[in-house]
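Below is run-v3.txt, which holds compact mmCIF, C-alpha atoms.
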# COMPACT_ATOMS: atom_id res chain seq x y z
CA MET A 227 5.95 8.18 36.28
CA VAL A 228 2.42 7.01 35.55
CA TYR A 229 1.05 5.91 38.92
CA PHE A 230 -1.31 2.92 38.90
CA ASP A 231 -0.74 1.81 42.51
CA ASN A 232 -3.62 3.67 44.12
CA ALA A 233 -4.87 0.60 45.99
CA ALA A 234 -1.72 0.95 48.11
CA THR A 235 -2.14 4.70 48.57
CA THR A 236 -3.50 7.34 46.26
CA SER A 237 -0.99 9.54 44.50
CA PRO A 238 -0.87 12.38 43.83
CA LYS A 239 -2.83 13.85 46.70
CA PRO A 240 -5.18 16.66 45.66
CA GLU A 241 -3.87 20.19 46.03
CA VAL A 242 -6.55 20.96 48.63
CA VAL A 243 -5.20 18.12 50.78
CA ARG A 244 -1.62 19.33 50.57
CA GLU A 245 -2.74 22.86 51.38
CA ALA A 246 -4.83 21.69 54.35
CA VAL A 247 -1.88 19.80 55.84
CA ALA A 248 0.39 22.83 55.42
CA TYR A 249 -2.28 25.13 56.87
CA ALA A 250 -2.72 22.88 59.90
CA LEU A 251 1.00 22.71 60.56
CA LYS A 252 1.26 26.47 60.33
CA ASN A 253 -1.96 27.62 61.95
CA LEU A 254 -3.42 24.77 64.06
CA SER A 255 -0.30 23.34 65.60
CA ALA A 256 -1.67 22.76 69.08
CA ASN A 257 -2.73 19.61 70.87
CA PRO A 258 -6.48 19.04 70.41
CA GLY A 259 -8.50 18.04 73.45
CA ARG A 260 -5.80 18.88 75.92
CA SER A 261 -5.71 22.59 76.61
CA GLY A 262 -8.20 25.42 76.91
CA HIS A 263 -6.41 28.09 74.91
CA ASP A 264 -7.82 29.25 71.62
CA LEU A 265 -5.32 27.40 69.47
CA SER A 266 -6.03 24.06 71.13
CA LEU A 267 -9.79 24.62 70.83
CA ALA A 268 -9.39 25.53 67.15
CA ALA A 269 -7.47 22.28 66.62
CA SER A 270 -10.18 20.35 68.49
CA GLN A 271 -12.83 22.00 66.34
CA MET A 272 -11.13 20.91 63.13
CA VAL A 273 -10.76 17.33 64.41
CA TYR A 274 -14.44 17.25 65.37
CA GLU A 275 -15.48 18.62 61.97
CA CYS A 276 -13.60 15.75 60.36
CA ARG A 277 -15.50 13.26 62.56
CA VAL A 278 -18.77 14.85 61.46
CA ALA A 279 -17.77 14.76 57.78
CA LEU A 280 -16.89 11.07 58.11
CA SER A 281 -20.18 10.32 59.87
CA LYS A 282 -22.15 11.93 57.07
CA MET A 283 -20.22 10.14 54.36
CA PHE A 284 -20.67 6.70 55.92
CA GLY A 285 -24.25 6.85 57.21
CA PHE A 286 -23.24 6.90 60.87
CA SER A 287 -25.17 8.96 63.37
CA SER A 288 -22.58 9.28 66.16
CA PRO A 289 -19.55 11.46 65.30
CA GLU A 290 -18.23 10.92 68.83
CA ARG A 291 -17.79 7.26 67.95
CA VAL A 292 -15.58 8.02 64.96
CA VAL A 293 -12.11 7.04 66.15
CA PHE A 294 -8.90 8.14 64.42
CA THR A 295 -6.31 5.42 64.01
CA LEU A 296 -2.92 5.07 62.33
CA ASN A 297 -4.35 3.19 59.37
CA CYS A 298 -7.00 0.63 58.45
CA THR A 299 -4.97 -2.30 59.84
CA HIS A 300 -4.78 -0.56 63.20
CA ALA A 301 -8.56 -0.11 63.21
CA ILE A 302 -9.13 -3.78 62.33
CA ASN A 303 -6.83 -4.88 65.16
CA MET A 304 -8.71 -2.65 67.59
CA VAL A 305 -11.91 -4.50 66.71
CA ILE A 306 -10.62 -8.07 66.57
CA LYS A 307 -8.52 -7.80 69.73
CA GLY A 308 -10.81 -5.40 71.55
CA LEU A 309 -13.86 -7.65 71.44
CA SER A 310 -12.26 -10.20 73.80
CA LEU A 311 -13.17 -13.16 71.64
CA ASN A 312 -12.49 -16.51 73.29
CA ASN A 313 -13.66 -20.01 72.43
CA CYS A 314 -16.01 -18.87 69.71
CA LYS A 315 -16.32 -18.98 65.94
CA ILE A 316 -15.44 -16.12 63.60
CA VAL A 317 -16.49 -16.11 59.96
CA THR A 318 -14.49 -14.34 57.29
CA SER A 319 -14.12 -14.52 53.49
CA SER A 320 -11.71 -16.21 51.10
CA LEU A 321 -10.41 -12.87 49.79
CA GLU A 322 -9.06 -11.32 52.97
CA HIS A 323 -5.98 -9.19 53.49
CA ASN A 324 -3.51 -10.11 56.21
CA ALA A 325 -4.85 -7.15 58.18
CA VAL A 326 -7.75 -9.46 58.95
CA MET A 327 -6.14 -12.90 58.61
CA ARG A 328 -3.15 -12.38 60.91
CA PRO A 329 -5.11 -11.09 63.91
CA LEU A 330 -7.62 -13.89 63.34
CA GLU A 331 -4.81 -16.44 63.23
CA LYS A 332 -3.64 -15.18 66.61
CA LEU A 333 -7.12 -15.71 68.04
CA LYS A 334 -6.77 -19.44 67.47
CA LYS A 335 -4.57 -19.45 70.57
CA GLN A 336 -7.60 -18.23 72.50
CA GLY A 337 -9.67 -21.17 71.39
CA CYS A 338 -11.36 -19.44 68.46
CA THR A 339 -12.11 -21.20 65.20
CA ILE A 340 -11.94 -19.32 61.93
CA ALA A 341 -14.36 -20.30 59.18
CA VAL A 342 -13.71 -19.04 55.66
CA ALA A 343 -16.66 -18.34 53.41
CA GLU A 344 -16.08 -18.79 49.69
CA VAL A 345 -16.54 -15.68 47.56
CA PHE A 346 -18.12 -16.28 44.17
CA MET A 347 -16.92 -13.43 41.97
CA ASP A 348 -19.97 -12.96 39.80
CA ASP A 349 -22.62 -14.50 42.03
CA PRO A 350 -23.27 -12.39 45.16
CA GLU A 351 -26.18 -14.57 46.23
CA ALA A 352 -23.94 -17.63 46.26
CA THR A 353 -21.47 -15.69 48.40
CA VAL A 354 -24.22 -14.80 50.88
CA ARG A 355 -25.29 -18.46 51.01
CA SER A 356 -21.69 -19.35 51.71
CA PHE A 357 -21.64 -17.03 54.74
CA ALA A 358 -25.08 -18.17 55.86
CA GLY A 359 -23.95 -21.79 55.89
CA LEU A 360 -21.09 -21.02 58.27
CA ILE A 361 -22.79 -18.77 60.83
CA ASP A 362 -24.01 -20.83 63.78
CA ASP A 363 -24.75 -20.46 67.49
CA HIS A 364 -21.03 -20.27 68.31
CA THR A 365 -20.38 -17.40 65.90
CA LYS A 366 -19.67 -14.07 67.58
CA LEU A 367 -18.25 -12.06 64.71
CA VAL A 368 -18.34 -11.88 60.93
CA ILE A 369 -15.51 -9.80 59.53
CA CYS A 370 -14.81 -9.37 55.85
CA THR A 371 -13.48 -7.02 53.26
CA HIS A 372 -15.86 -4.95 51.17
CA VAL A 373 -13.59 -5.17 48.12
CA SER A 374 -10.72 -7.52 47.34
CA ASN A 375 -7.45 -5.59 47.21
CA VAL A 376 -6.18 -8.11 44.68
CA CYS A 377 -8.92 -8.48 42.09
CA GLY A 378 -11.46 -5.76 42.93
CA ALA A 379 -14.39 -8.12 43.53
CA ILE A 380 -17.12 -6.50 45.63
CA LEU A 381 -18.57 -8.55 48.47
CA PRO A 382 -22.33 -8.22 49.07
CA ILE A 383 -21.91 -6.60 52.47
CA GLU A 384 -25.45 -5.26 52.67
CA GLN A 385 -26.85 -8.79 52.43
CA ILE A 386 -24.17 -10.17 54.76
CA GLY A 387 -24.98 -7.38 57.23
CA ARG A 388 -28.67 -8.28 57.12
CA LEU A 389 -27.77 -11.89 57.75
CA CYS A 390 -25.65 -10.93 60.76
CA ARG A 391 -28.44 -8.78 62.18
CA GLU A 392 -30.94 -11.63 61.79
CA ARG A 393 -28.60 -14.08 63.51
CA GLY A 394 -27.49 -11.68 66.26
CA VAL A 395 -23.84 -11.68 65.20
CA LEU A 396 -21.48 -8.68 65.21
CA PHE A 397 -20.46 -7.49 61.75
CA ALA A 398 -17.17 -5.72 60.97
CA VAL A 399 -16.14 -4.51 57.52
CA ASP A 400 -12.69 -3.79 56.14
CA GLY A 401 -13.33 -0.85 53.82
CA ALA A 402 -9.70 -0.42 52.74
CA GLN A 403 -10.47 -0.48 49.03
CA SER A 404 -14.03 0.81 49.05
CA ALA A 405 -14.02 3.95 51.22
CA GLY A 406 -14.36 6.87 48.81
CA VAL A 407 -14.96 4.56 45.86
CA LEU A 408 -18.24 2.83 46.72
CA PRO A 409 -21.14 4.11 48.80
CA ILE A 410 -21.15 2.74 52.36
CA ASP A 411 -24.06 3.34 54.69
CA MET A 412 -23.39 1.71 58.05
CA GLU A 413 -26.97 1.92 59.22
CA LYS A 414 -28.50 0.60 56.03
CA MET A 415 -25.88 -2.13 55.74
CA ASN A 416 -26.11 -3.16 59.42
CA ILE A 417 -22.38 -2.65 59.93
CA ASP A 418 -21.31 -2.59 63.58
CA PHE A 419 -17.66 -1.73 62.98
CA LEU A 420 -16.26 -0.09 59.87
CA CYS A 421 -12.49 0.16 59.42
CA ILE A 422 -11.11 2.40 56.70
CA PRO A 423 -7.85 4.05 55.67
CA GLY A 424 -7.72 7.81 55.22
CA HIS A 425 -4.97 7.73 52.62
CA LYS A 426 -6.49 5.64 49.84
CA GLY A 427 -9.87 6.46 48.29
CA LEU A 428 -10.35 9.42 50.61
CA TYR A 429 -7.10 11.00 49.32
CA GLY A 430 -5.84 11.95 52.78
CA PRO A 431 -2.25 11.68 54.02
CA MET A 432 -0.65 8.42 55.08
CA GLY A 433 -0.85 7.77 58.81
CA THR A 434 -4.60 8.29 58.88
CA GLY A 435 -7.21 5.60 59.45
CA VAL A 436 -10.67 5.50 60.98
CA LEU A 437 -12.69 3.10 63.11
CA PHE A 438 -16.43 3.65 63.33
CA CYS A 439 -17.59 2.05 66.58
CA GLY A 440 -21.25 1.21 66.21
CA LYS A 441 -20.99 -0.99 69.29
CA ASP A 442 -18.85 -0.86 72.40
CA ILE A 443 -15.39 -2.43 72.33
CA PRO A 444 -14.64 -3.81 75.79
CA ASN A 445 -10.84 -3.79 75.61
CA THR A 446 -8.49 -1.08 74.41
CA LEU A 447 -5.21 -1.76 72.63
CA THR A 448 -3.64 1.34 74.12
CA GLU A 449 -4.21 3.24 77.34
CA GLY A 450 -2.82 6.61 78.32
CA GLY A 451 -3.45 10.33 78.19
CA THR A 452 -6.79 11.31 76.72
CA GLY A 453 -7.21 14.86 78.02
CA ASN A 454 -10.21 13.93 80.14
CA ARG A 455 -10.81 12.33 83.56
CA SER A 456 -7.07 12.62 84.17
CA VAL A 457 -7.32 11.97 87.89
CA SER A 458 -8.37 8.38 87.32
CA LEU A 459 -5.96 5.60 86.40
CA ILE A 460 -8.81 3.76 84.72
CA GLN A 461 -9.10 4.38 80.99
CA PRO A 462 -12.19 6.58 80.46
CA ASP A 463 -15.18 4.99 78.77
CA GLU A 464 -16.19 7.97 76.62
CA TYR A 465 -15.73 7.59 72.88
CA PRO A 466 -13.65 8.55 70.99
CA GLU A 467 -11.12 9.46 73.70
CA ARG A 468 -11.28 5.94 75.14
CA MET A 469 -9.79 4.64 71.90
CA GLU A 470 -7.44 7.55 71.14
CA SER A 471 -4.79 7.67 73.85
CA GLY A 472 -1.95 10.00 72.95
CA THR A 473 -1.89 12.89 70.53
CA VAL A 474 -3.78 12.37 67.28
CA ASN A 475 -2.31 13.08 63.85
CA LEU A 476 -3.67 16.60 63.53
CA PRO A 477 -2.09 17.56 60.18
CA GLY A 478 -3.12 14.18 58.82
CA ILE A 479 -6.69 14.66 60.01
CA ALA A 480 -6.74 18.13 58.44
CA GLY A 481 -5.64 16.58 55.15
CA LEU A 482 -8.19 13.80 55.50
CA LYS A 483 -10.95 16.34 56.04
CA ALA A 484 -9.92 18.10 52.86
CA GLY A 485 -9.78 14.75 51.06
CA ILE A 486 -13.36 13.99 52.12
CA GLY A 487 -14.37 17.36 50.71
CA PHE A 488 -12.57 16.51 47.47
CA VAL A 489 -14.40 13.17 47.18
CA ASN A 490 -17.74 14.78 48.02
CA GLN A 491 -17.17 17.37 45.34
CA LYS A 492 -16.35 14.73 42.71
CA THR A 493 -19.03 12.39 44.13
CA ILE A 494 -18.49 8.70 44.82
CA PRO A 495 -20.64 7.46 41.90
CA HIS A 496 -18.62 9.60 39.50
CA ILE A 497 -15.30 8.41 40.93
CA HIS A 498 -16.34 4.75 40.74
CA GLY A 499 -17.78 5.11 37.25
CA TYR A 500 -14.75 6.97 35.94
CA GLU A 501 -12.19 4.60 37.41
CA MET A 502 -14.16 1.54 36.28
CA GLY A 503 -14.09 2.98 32.77
CA LEU A 504 -10.30 2.94 32.95
CA ILE A 505 -10.25 -0.59 34.37
CA GLN A 506 -12.64 -1.89 31.74
CA ALA A 507 -10.53 -0.32 28.98
CA ALA A 508 -7.46 -1.97 30.48
CA TYR A 509 -9.26 -5.32 30.72
CA ARG A 510 -10.38 -5.20 27.08
CA GLY A 511 -6.87 -4.28 25.98
CA LEU A 512 -5.17 -6.95 28.07
CA LYS A 513 -7.61 -9.57 26.83
CA ASN A 514 -6.30 -8.96 23.29
CA ILE A 515 -2.63 -9.31 24.19
CA ARG A 516 -1.33 -12.80 23.60
CA GLY A 517 0.21 -14.29 26.72
CA VAL A 518 -1.55 -12.07 29.24
CA THR A 519 -3.53 -13.91 31.92
CA LEU A 520 -6.52 -12.30 33.62
CA TYR A 521 -8.07 -13.79 36.74
CA THR A 522 -11.58 -12.46 36.79
CA PRO A 523 -14.45 -12.21 34.34
CA TYR A 524 -14.99 -8.82 32.66
CA PRO A 525 -15.28 -6.36 35.56
CA GLN A 526 -18.87 -5.14 35.55
CA ALA A 527 -19.22 -1.92 37.51
CA ASP A 528 -21.83 -3.38 39.86
CA LEU A 529 -19.59 -6.28 40.83
CA TYR A 530 -16.10 -4.77 40.85
CA ALA A 531 -14.14 -1.85 42.21
CA PRO A 532 -11.25 -0.39 40.20
CA VAL A 533 -8.57 -2.98 40.94
CA LEU A 534 -7.33 -5.41 38.29
CA CYS A 535 -4.71 -8.15 38.46
CA PHE A 536 -2.95 -9.96 35.65
CA ASN A 537 0.27 -11.66 34.63
CA ILE A 538 2.34 -11.37 31.47
CA GLY A 539 3.38 -14.68 29.97
CA THR A 540 6.05 -16.47 31.95
CA TYR A 541 7.35 -13.36 33.68
CA HIS A 542 7.32 -13.56 37.45
CA SER A 543 4.94 -10.83 38.63
CA ALA A 544 7.80 -8.96 40.32
CA GLU A 545 9.88 -9.10 37.16
CA ALA A 546 7.01 -7.80 35.04
CA ALA A 547 6.36 -4.96 37.50
CA GLU A 548 10.04 -4.05 37.47
CA LEU A 549 10.12 -3.92 33.68
CA LEU A 550 7.05 -1.69 33.77
CA ASN A 551 8.71 0.47 36.43
CA GLN A 552 11.73 0.91 34.16
CA ALA A 553 9.31 2.08 31.47
CA GLY A 554 7.76 4.62 33.85
CA PHE A 555 4.70 2.77 35.18
CA ALA A 556 4.10 2.18 38.89
CA LEU A 557 2.19 -1.05 39.56
CA ARG A 558 2.44 -3.46 42.45
CA ALA A 559 3.41 -7.11 42.11
CA GLY A 560 3.57 -10.06 44.51
CA LEU A 561 0.92 -11.18 46.95
CA HIS A 562 -0.34 -7.73 48.03
CA CYS A 563 -0.37 -8.88 51.68
CA ALA A 564 -3.30 -11.09 50.74
CA PRO A 565 -2.12 -14.69 50.30
CA ALA A 566 -5.63 -15.96 50.98
CA ALA A 567 -6.93 -14.08 47.95
CA HIS A 568 -4.07 -15.30 45.78
CA ARG A 569 -4.73 -18.89 46.81
CA ARG A 570 -8.33 -18.34 45.78
CA LEU A 571 -7.21 -16.97 42.38
CA GLY A 572 -4.52 -19.64 41.87
CA THR A 573 -1.67 -17.12 41.87
CA ILE A 574 -0.03 -17.97 45.18
CA SER A 575 3.25 -19.15 43.58
CA TYR A 576 4.20 -16.07 41.57
CA GLY A 577 1.65 -13.47 42.58
CA ALA A 578 0.18 -11.06 40.07
CA VAL A 579 0.64 -7.54 38.79
CA ARG A 580 -2.01 -5.18 40.09
CA MET A 581 -3.29 -2.08 38.38
CA SER A 582 -5.36 0.39 40.43
CA PRO A 583 -6.18 3.82 38.98
CA SER A 584 -7.38 6.97 40.71
CA ILE A 585 -9.46 9.90 39.59
CA PHE A 586 -6.24 11.52 38.35
CA ASN A 587 -5.41 8.85 35.76
CA ARG A 588 -6.33 9.34 32.13
CA ASN A 589 -7.27 6.97 29.35
CA PHE A 590 -4.13 7.76 27.33
CA GLU A 591 -2.10 6.49 30.30
CA VAL A 592 -4.00 3.20 30.18
CA GLN A 593 -3.33 2.94 26.45
CA ALA A 594 0.37 3.66 27.02
CA LEU A 595 0.48 0.91 29.64
CA LEU A 596 -1.22 -1.53 27.26
CA ASN A 597 1.34 -0.71 24.55
CA ARG A 598 4.19 -1.38 26.92
CA ILE A 599 2.68 -4.67 28.14
CA SER A 600 2.11 -5.70 24.55
CA ARG A 601 5.80 -5.11 23.78
CA LEU A 602 6.85 -7.10 26.83
CA ALA A 603 4.58 -9.98 25.84
CA GLN A 604 5.87 -9.97 22.26
CA LYS A 605 9.38 -10.66 23.52
CA LEU A 606 8.14 -13.96 24.90
CA TYR A 607 6.48 -15.26 21.75
CA MET B 33 -26.01 36.98 87.65
CA LYS B 34 -23.45 34.86 85.87
CA GLN B 35 -24.62 31.54 84.46
CA ASP B 36 -23.36 28.18 85.58
CA ARG B 37 -21.04 26.14 83.40
CA ILE B 38 -22.04 22.65 82.35
CA VAL B 39 -19.09 20.33 82.78
CA VAL B 40 -18.96 17.55 80.17
CA SER B 41 -16.66 14.60 79.99
CA SER B 42 -14.56 15.39 76.92
CA VAL B 43 -13.76 17.99 74.32
CA THR B 44 -15.68 15.94 71.74
CA TYR B 45 -18.84 16.11 73.85
CA ALA B 46 -18.15 19.78 74.51
CA ILE B 47 -18.08 20.62 70.79
CA LYS B 48 -21.04 18.38 69.99
CA GLY B 49 -22.99 19.88 72.90
CA ARG B 50 -22.10 23.44 72.00
CA ASP B 51 -23.22 22.92 68.38
CA LEU B 52 -26.44 21.29 69.60
CA LEU B 53 -27.22 24.16 71.96
CA ARG B 54 -26.46 26.75 69.29
CA SER B 55 -28.91 24.97 67.00
CA LYS B 56 -31.50 25.42 69.76
CA GLY B 57 -30.94 29.16 69.98
CA PHE B 58 -28.42 29.36 72.81
CA LYS B 59 -25.24 31.37 72.70
CA ALA B 60 -22.85 28.65 73.82
CA TYR B 61 -19.09 28.59 74.31
CA ILE B 62 -16.50 26.03 75.35
CA GLU B 63 -13.88 26.57 77.99
CA ARG B 64 -11.49 24.39 79.93
CA SER B 65 -13.04 23.48 83.28
CA HIS B 66 -11.43 25.08 86.28
CA GLY B 67 -13.11 22.98 88.87
CA ARG B 68 -12.28 20.11 91.18
CA LEU B 69 -9.41 18.31 89.55
CA GLU B 70 -9.19 15.74 92.32
CA THR B 71 -12.69 14.49 91.45
CA ASP B 72 -13.22 15.40 87.80
CA GLY B 73 -9.73 15.35 86.40
CA CYS B 74 -9.24 17.66 83.43
CA GLY B 75 -12.28 18.43 81.35
CA TYR B 76 -14.25 20.92 79.37
CA SER B 77 -17.38 22.87 80.12
CA ILE B 78 -20.05 24.62 78.12
CA TYR B 79 -21.16 28.11 79.01
CA VAL B 80 -24.60 29.24 77.86
CA ASP B 81 -26.02 32.74 78.01
CA HIS B 82 -29.36 31.81 79.59
CA ASP B 83 -31.48 28.99 81.03
CA THR B 84 -28.70 26.60 81.97
CA ASP B 85 -31.21 24.11 83.36
CA ARG B 86 -32.86 23.72 79.99
CA ALA B 87 -29.50 23.57 78.25
CA GLU B 88 -28.38 20.79 80.55
CA GLN B 89 -31.58 18.85 79.92
CA ILE B 90 -31.12 19.19 76.16
CA LEU B 91 -27.61 17.78 76.47
CA ARG B 92 -28.81 14.87 78.59
CA ASP B 93 -31.66 14.19 76.17
CA HIS B 94 -29.08 13.83 73.40
CA HIS B 95 -26.89 11.44 75.41
CA ILE B 96 -24.14 13.96 76.03
CA ARG B 97 -22.62 12.97 79.33
CA VAL B 98 -22.85 15.81 81.83
CA VAL B 99 -20.39 15.48 84.71
CA ARG B 100 -21.85 18.24 86.87
CA ARG B 101 -22.66 21.91 87.02
CA MET B 102 -20.10 24.46 88.03
CA GLY B 103 -21.18 27.71 89.61
CA GLY B 104 -20.67 30.96 87.71
CA GLY B 105 -20.88 33.14 90.78
CA ALA B 106 -22.82 36.31 91.25

Could you express the structure from this file as structure tokens?
Amino acid sequence: MVYFDNAATTSPKPEVVREAVAYALKNLSANPGRSGHDLSLAASQMVYECRVALSKMFGFSSPERVVFTLNCTHAINMVIKGLSLNNCKIVTSSLEHNAVMRPLEKLKKQGCTIAVAEVFMDDPEATVRSFAGLIDDHTKLVICTHVSNVCGAILPIEQIGRLCRERGVLFAVDGAQSAGVLPIDMEKMNIDFLCIPGHKGLYGPMGTGVLFCGKDIPNTLTEGGTGNRSVSLIQPDEYPERMESGTVNLPGIAGLKAGIGFVNQKTIPHIHGYEMGLIQAAYRGLKNIRGVTLYTPYPQADLYAPVLCFNIGTYHSAEAAELLNQAGFALRAGLHCAPAAHRRLGTISYGAVRMSPSIFNRNFEVQALLNRISRLAQKLY
Amino acid sequence: MKQDRIVVSSVTYAIKGRDLLRSKGFKAYIERSHGRLETDGCGYSIYVDHDTDRAEQILRDHHIRVVRRMGGGA
């Protein structure tokens, strides 16, 4: 199987990640932050080292405010629901995943209005103007994706962050598709809350996500045992324990830490450049296949991350993906949990096929995929 | 004379504080607090080999929440 579904989760995981998970299960299998014996302290040490590694990677100066979550969606919910937003305006983009759109939809019941800023694929300044036009005195939060999980378009989050800082509005970023693929510096980009998965571009195991809390979050989604201040029935206010009730995913965090090391060793610019080379080769090839529809301009590396969507003739996207699956290629079809983005691209009825490579894919695999798509398209004409 | 322990509010602060104090030349170790559970709940403390007052001030200066000091005894 040639795996091109890395926007869903990266596969394979690097050997160092698999080894770190196995090592943790064998040698660190104690509850971190709960006990005082050596094994528990060793587990706590590893968890803390992962917080530090994450802080360094994402330009964040407070490792104690790096919160482990189940996944990126969990982190986003902690922000949106934790901020106690009532009767205010929230601005988001036209390319959002349901991880953002569904919690926002729920906030309408609390009197919030949701304003959607148009994203202009190849004109970041126009996108910033679009956000600027929607932020007003009632706006409490701007939350948007860094990269579309459907078409790979990069949003100009540094400029949007500056805008939020100037207007005194909180800024949260969904880094699901960019963490490990594009540089993110929370301080430089004025990001208050960054939500990322551990299992995509950081090559960690599934069941890992991270919330960077640059500001306080008044309400918690979950309360319970934290290993500290146990005598009180009030949830402690120290980060990260405040946000991490219950036992954390220690083997997952060990794997995530190894994944961060893997990405650091490869370097983010190299990963992005390499994967964009594969995407650009795919785009050029698809452009020459009669019947294939592409939905973005040529993906320039400064404007796109390595995610590409297309359709083949009159095939439904799910049918095309199934035919590719039968030929040994793993791609994802449908709406990718992002109907807003598909409406924006005009593919809401039948979805699209999405290709998303990782550092482990090779150019010959892209060429093999193009050959197979070409054969599928020829059957239609 | 044994040194006091510095009780901090979580294992995360304990590790961060220990690393900070080691970077300042202290020999510092973490242990589970065995103090007043009815007031502090469970927690962790940092033991340093000398000058606990200065160590505590360093922690406070770096926004590491110190719960209290716990006597080391003679």

Inset, instruction - For range 68-78 of chain B, list every protein, DNA or RNA residue within 6 Å, evaluated using all atoms listed in the file, and leave out those in the same chain fewer than 5 positions away; present the list as a count of residues only. - result: 14

Inset, instruction - May I ask for the distance between CA of Asn303 in chain A and CA of Gly453 in chain A, given in Å to one decimal place? - result: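 About the pair CA of Asn303 in chain A and CA of Gly453 in chain A: they are 23.6 Å apart.
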
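We find CA of Ser374 in chain A and CA of Glu322 in chain A to be spaced 7.0 Å apart.
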
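Nearest to Asp36 in chain B of all the residues B:Leu52, B:Ala60, B:Val98, B:Val80 is B:Val80, counting only C-alpha atoms.
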
Inset, instruction - For each of B:Ser55, B:Gln89, B:Thr84, B:Thr44, take the minimum atom-to-atom distance to chain A, counting all atoms listed in the file, then give the residue where this is smallest. - result: B:Thr44

Inset, instruction - Would you work out the distance separating CA of Met227 in chain A from CA of Gln552 in chain A, expressed in Å to one decimal? - result: 9.5 Å

Inset, instruction - Compile the contact shell of range 483-498 of chain A as a VMD selection string: residues with an atom at most 7 Å away, counting all atoms listed in the file, same-chain residues fewer than 6 positions apart removed. - result: chain A and resid 242 to 243 246 276 406 to 409 428 to 430 585

Inset, instruction - Please determine the contact residues of chain A with respect to chain B at a cut-off of 12 Å, counting only C-alpha atoms, and supply them as a VMD selection string. - result: chain A and resid 257 to 264 266 to 278 287 to 293 451 to 460 462 to 468 470

Inset, instruction - Step by step: start from the point (-11.2, 9.1, 31.1) in the file's coordinates, keep every protein, DNA or RNA residue that has an atom no farther than 12 Å from it, count all atoms listed in the file, and write the set as a list of chain:residue names. - result: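 These residues have at least one counted atom within 12 Å: A:His496, A:Ile497, A:His498, A:Gly499, A:Tyr500, A:Glu501, A:Met502, A:Gly503, A:Leu504, A:Ile505, A:Gln506, A:Ala507, A:Ala508, A:Pro583, A:Ser584, A:Ile585, A:Phe586, A:Asn587, A:Arg588, A:Asn589, A:Phe590, A:Glu591, A:Val592, A:Gln593.
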
Inset, instruction - Would you mind telling me which residue in B:Arg100, B:Phe58, B:Arg50, B:Gly67 lies nearest to Arg86 in chain B when using all atoms listed in the file? - result: B:Phe58

Rebuild range 543-554 of chain A so that it carries N, CA and C atoms, then output the result as a short mmCIF file (atom, residue, chain, number, x, y, z; two decimals), in the coordinates of the input.
data_model
loop_
_atom_site.label_atom_id
_atom_site.label_comp_id
_atom_site.auth_asym_id
_atom_site.auth_seq_id
_atom_site.Cartn_x
_atom_site.Cartn_y
_atom_site.Cartn_z
N SER A 543 5.65 -12.11 38.49
CA SER A 543 4.94 -10.83 38.63
C SER A 543 5.88 -9.69 39.03
N ALA A 544 6.87 -10.00 39.88
CA ALA A 544 7.80 -8.96 40.32
C ALA A 544 8.69 -8.49 39.17
N GLU A 545 9.05 -9.44 38.32
CA GLU A 545 9.88 -9.10 37.16
C GLU A 545 9.09 -8.22 36.19
N ALA A 546 7.85 -8.59 35.94
CA ALA A 546 7.01 -7.80 35.04
C ALA A 546 6.82 -6.38 35.59
N ALA A 547 6.56 -6.28 36.90
CA ALA A 547 6.36 -4.96 37.50
C ALA A 547 7.63 -4.13 37.42
N GLU A 548 8.78 -4.78 37.55
CA GLU A 548 10.04 -4.05 37.47
C GLU A 548 10.28 -3.54 36.05
N LEU A 549 9.97 -4.37 35.07
CA LEU A 549 10.12 -3.92 33.68
C LEU A 549 9.17 -2.75 33.39
N LEU A 550 7.99 -2.81 33.94
CA LEU A 550 7.05 -1.69 33.77
C LEU A 550 7.55 -0.45 34.51
N ASN A 551 8.14 -0.66 35.67
CA ASN A 551 8.71 0.47 36.43
C ASN A 551 9.80 1.16 35.61
N GLN A 552 10.65 0.34 34.98
CA GLN A 552 11.73 0.91 34.16
C GLN A 552 11.17 1.71 32.98
N ALA A 553 9.95 1.35 32.58
CA ALA A 553 9.31 2.08 31.47
C ALA A 553 8.45 3.24 31.99
N GLY A 554 8.46 3.46 33.30
CA GLY A 554 7.76 4.62 33.85
C GLY A 554 6.36 4.36 34.37
#
